[in-house]
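Asks: After the structure tokens below, expect a handful of questions from me.
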Amino acid sequence: MSDKPSVLFVCVHNAGRSQMAAAWLTHLAGDRVEVRSAGSTPGREVNPAAVEAMREVGIDISAEVPKVLTVDAVRESDVCITMGCGDTCPVFPGKRYLDWQLDDPAGQGVDAVRPIRDEIKTLVEGLIAEIAP
């Protein structure tokens with residue numbers, strides 16, 4: 001069992017918001033935080049507009065693949081952050097749950113994804129300040 005905090009990002013398809021959030025947390029916190037992401041109904045691939053938006057800030061998520069949300073992923077995480085997936089995330093006592101209200105980048109072009117990317121970065125920076133200063 002690790003003594004560093006662990007975070008799980010969950011969105012419906014694990015193809016946009018949760019992938020960008022996981023990438024930001026990994027990029028900004030390095031090995032100080034264990035990072036996971038998953039989707040309640042995973043897509044086939046990561047949203048190409050999200051890949052391009054992250055590439056613009058020097059973060060490559062092109063090799064990522066959407067993963068299915070499992071009970072184990074929730075159980076093993078200290079903080080579970082949902083992004084538009086409603087009540088599909090299992091709830092365990094003692095876990096911290098946050099719901100980030102973010103626009104869905106699905107079907108959007110990179111121009112629409114950039115502000116979502118930037119909002120996620122701001123939220124992740126606040127999270128890091130709380131859990132891994």
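Lettering and numbering for the structure tokens are positional, with chains as A, B, ... in the shown order, residues counted from 1 in each chain, and ligands counted from 1 in the shown order.
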With only C-alpha atoms as the counted atoms, please give the residues lying no more than 8 Å from A:Arg117, apart from itself and same-chain residues fewer than 6 positions off, as a PyMOL selection string.
Replies: chain A and resi 17+20+50+53-54
Asks: Could you give me the residues within stretch 53-128 of chain A that DSSP places in strand (DSSP E or B), as a ChimeraX atom specification?
Replies: /A:68,79-82,96-99
Asks: Give me, as a PyMOL selection string, all polymer residues having an atom no more than 12 Å from A:Leu123, counting only C-alpha atoms and skipping those fewer than 4 positions away in the same chain.
Replies: chain A and resi 17+20-22+24-25+28+81+83+98-102+116-119+127-130
Asks: Store the residues of this selection in a file with N, CA and C atoms, as an mmCIF file, in the first residue's frame.
Replies:
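Output (selection.cif):
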data_model
loop_
_atom_site.group_PDB
_atom_site.id
_atom_site.type_symbol
_atom_site.label_atom_id
_atom_site.label_comp_id
_atom_site.auth_asym_id
_atom_site.auth_seq_id
_atom_site.Cartn_x
_atom_site.Cartn_y
_atom_site.Cartn_z
ATOM 1 N N ARG A 17 -12.415 14.500 -20.766
ATOM 2 C CA ARG A 17 -12.169 15.193 -19.497
ATOM 3 C C ARG A 17 -11.293 14.399 -18.537
ATOM 4 N N MET A 20 -7.715 14.113 -19.811
ATOM 5 C CA MET A 20 -6.961 15.363 -19.670
ATOM 6 C C MET A 20 -6.616 15.616 -18.205
ATOM 7 N N ALA A 21 -7.554 15.351 -17.297
ATOM 8 C CA ALA A 21 -7.301 15.570 -15.871
ATOM 9 C C ALA A 21 -6.182 14.660 -15.367
ATOM 10 N N ALA A 22 -6.223 13.388 -15.754
ATOM 11 C CA ALA A 22 -5.173 12.455 -15.335
ATOM 12 C C ALA A 22 -3.812 12.894 -15.874
ATOM 13 N N TRP A 24 -2.901 16.004 -16.696
ATOM 14 C CA TRP A 24 -2.469 17.206 -15.972
ATOM 15 C C TRP A 24 -1.914 16.833 -14.596
ATOM 16 N N LEU A 25 -2.621 15.968 -13.875
ATOM 17 C CA LEU A 25 -2.160 15.604 -12.529
ATOM 18 C C LEU A 25 -0.811 14.898 -12.592
ATOM 19 N N LEU A 28 1.815 17.654 -13.535
ATOM 20 C CA LEU A 28 2.074 18.694 -12.534
ATOM 21 C C LEU A 28 2.541 18.146 -11.184
ATOM 22 N N ILE A 81 -12.952 11.715 -8.451
ATOM 23 C CA ILE A 81 -13.481 12.933 -9.060
ATOM 24 C C ILE A 81 -14.300 12.558 -10.283
ATOM 25 N N MET A 83 -16.927 13.570 -13.457
ATOM 26 C CA MET A 83 -17.076 14.648 -14.430
ATOM 27 C C MET A 83 -18.229 14.306 -15.357
ATOM 28 N N LEU A 98 -15.562 14.187 -5.296
ATOM 29 C CA LEU A 98 -15.755 15.523 -5.836
ATOM 30 C C LEU A 98 -16.427 15.376 -7.188
ATOM 31 N N ASP A 99 -17.265 16.330 -7.545
ATOM 32 C CA ASP A 99 -17.880 16.337 -8.867
ATOM 33 C C ASP A 99 -17.511 17.646 -9.539
ATOM 34 N N TRP A 100 -16.708 17.552 -10.574
ATOM 35 C CA TRP A 100 -16.297 18.735 -11.320
ATOM 36 C C TRP A 100 -17.264 18.929 -12.483
ATOM 37 N N GLN A 101 -17.961 20.063 -12.487
ATOM 38 C CA GLN A 101 -18.902 20.396 -13.550
ATOM 39 C C GLN A 101 -18.136 21.006 -14.716
ATOM 40 N N LEU A 102 -17.926 20.200 -15.745
ATOM 41 C CA LEU A 102 -17.160 20.630 -16.912
ATOM 42 C C LEU A 102 -17.950 20.317 -18.181
ATOM 43 N N ILE A 116 -11.856 23.946 -21.835
ATOM 44 C CA ILE A 116 -12.087 22.823 -20.916
ATOM 45 C C ILE A 116 -10.744 22.347 -20.366
ATOM 46 N N ARG A 117 -9.768 22.203 -21.244
ATOM 47 C CA ARG A 117 -8.407 21.810 -20.848
ATOM 48 C C ARG A 117 -7.863 22.776 -19.799
ATOM 49 N N ASP A 118 -8.034 24.064 -20.037
ATOM 50 C CA ASP A 118 -7.489 25.068 -19.129
ATOM 51 C C ASP A 118 -8.221 25.078 -17.789
ATOM 52 N N GLU A 119 -9.534 24.865 -17.818
ATOM 53 C CA GLU A 119 -10.298 24.790 -16.572
ATOM 54 C C GLU A 119 -9.877 23.564 -15.755
ATOM 55 N N LEU A 127 -6.319 20.938 -6.552
ATOM 56 C CA LEU A 127 -6.287 19.612 -5.927
ATOM 57 C C LEU A 127 -4.894 19.281 -5.410
ATOM 58 N N ILE A 128 -3.879 19.553 -6.205
ATOM 59 C CA ILE A 128 -2.498 19.288 -5.795
ATOM 60 C C ILE A 128 -2.164 20.085 -4.540
ATOM 61 N N ALA A 129 -2.575 21.332 -4.486
ATOM 62 C CA ALA A 129 -2.305 22.173 -3.314
ATOM 63 C C ALA A 129 -2.906 21.561 -2.043
ATOM 64 N N GLU A 130 -4.031 20.865 -2.195
ATOM 65 C CA GLU A 130 -4.693 20.235 -1.052
ATOM 66 C C GLU A 130 -4.070 18.902 -0.653
#
Asks: Of the candidates A:Ser62, A:Gln19, A:Thr122, A:Gln108, which one gets nearest to A:Thr82 if we count only C-alpha atoms?
Replies: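 Residue with the minimum atom-to-atom distance to A:Thr82: A:Gln19.
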Asks: Using only C-alpha atoms, can you tell me which of A:Ile59, A:Ala132, A:Ile120, A:Ala106 comes closest to A:Glu34?
Replies: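 Smallest separation from A:Glu34 among the options: A:Ala132.
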Asks: In Å, how far is it from atom CA of A:Val57 to atom CA of A:Arg32?
Replies: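 Separation between atom CA of A:Val57 and atom CA of A:Arg32: 21.1 Å.
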Asks: Kindly indicate which residue among A:Ile131, A:Gly16, A:Pro66, A:Gly58 lies nearest to A:Val79, using only C-alpha atoms for the distances.
Replies: A:Ile131
Asks: Which distance in Å separates atom CA of A:Val124 and atom CA of A:Asn47, to one decimal?
Replies: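 Atom-to-atom, atom CA of A:Val124 and atom CA of A:Asn47 are spaced 19.8 Å apart.
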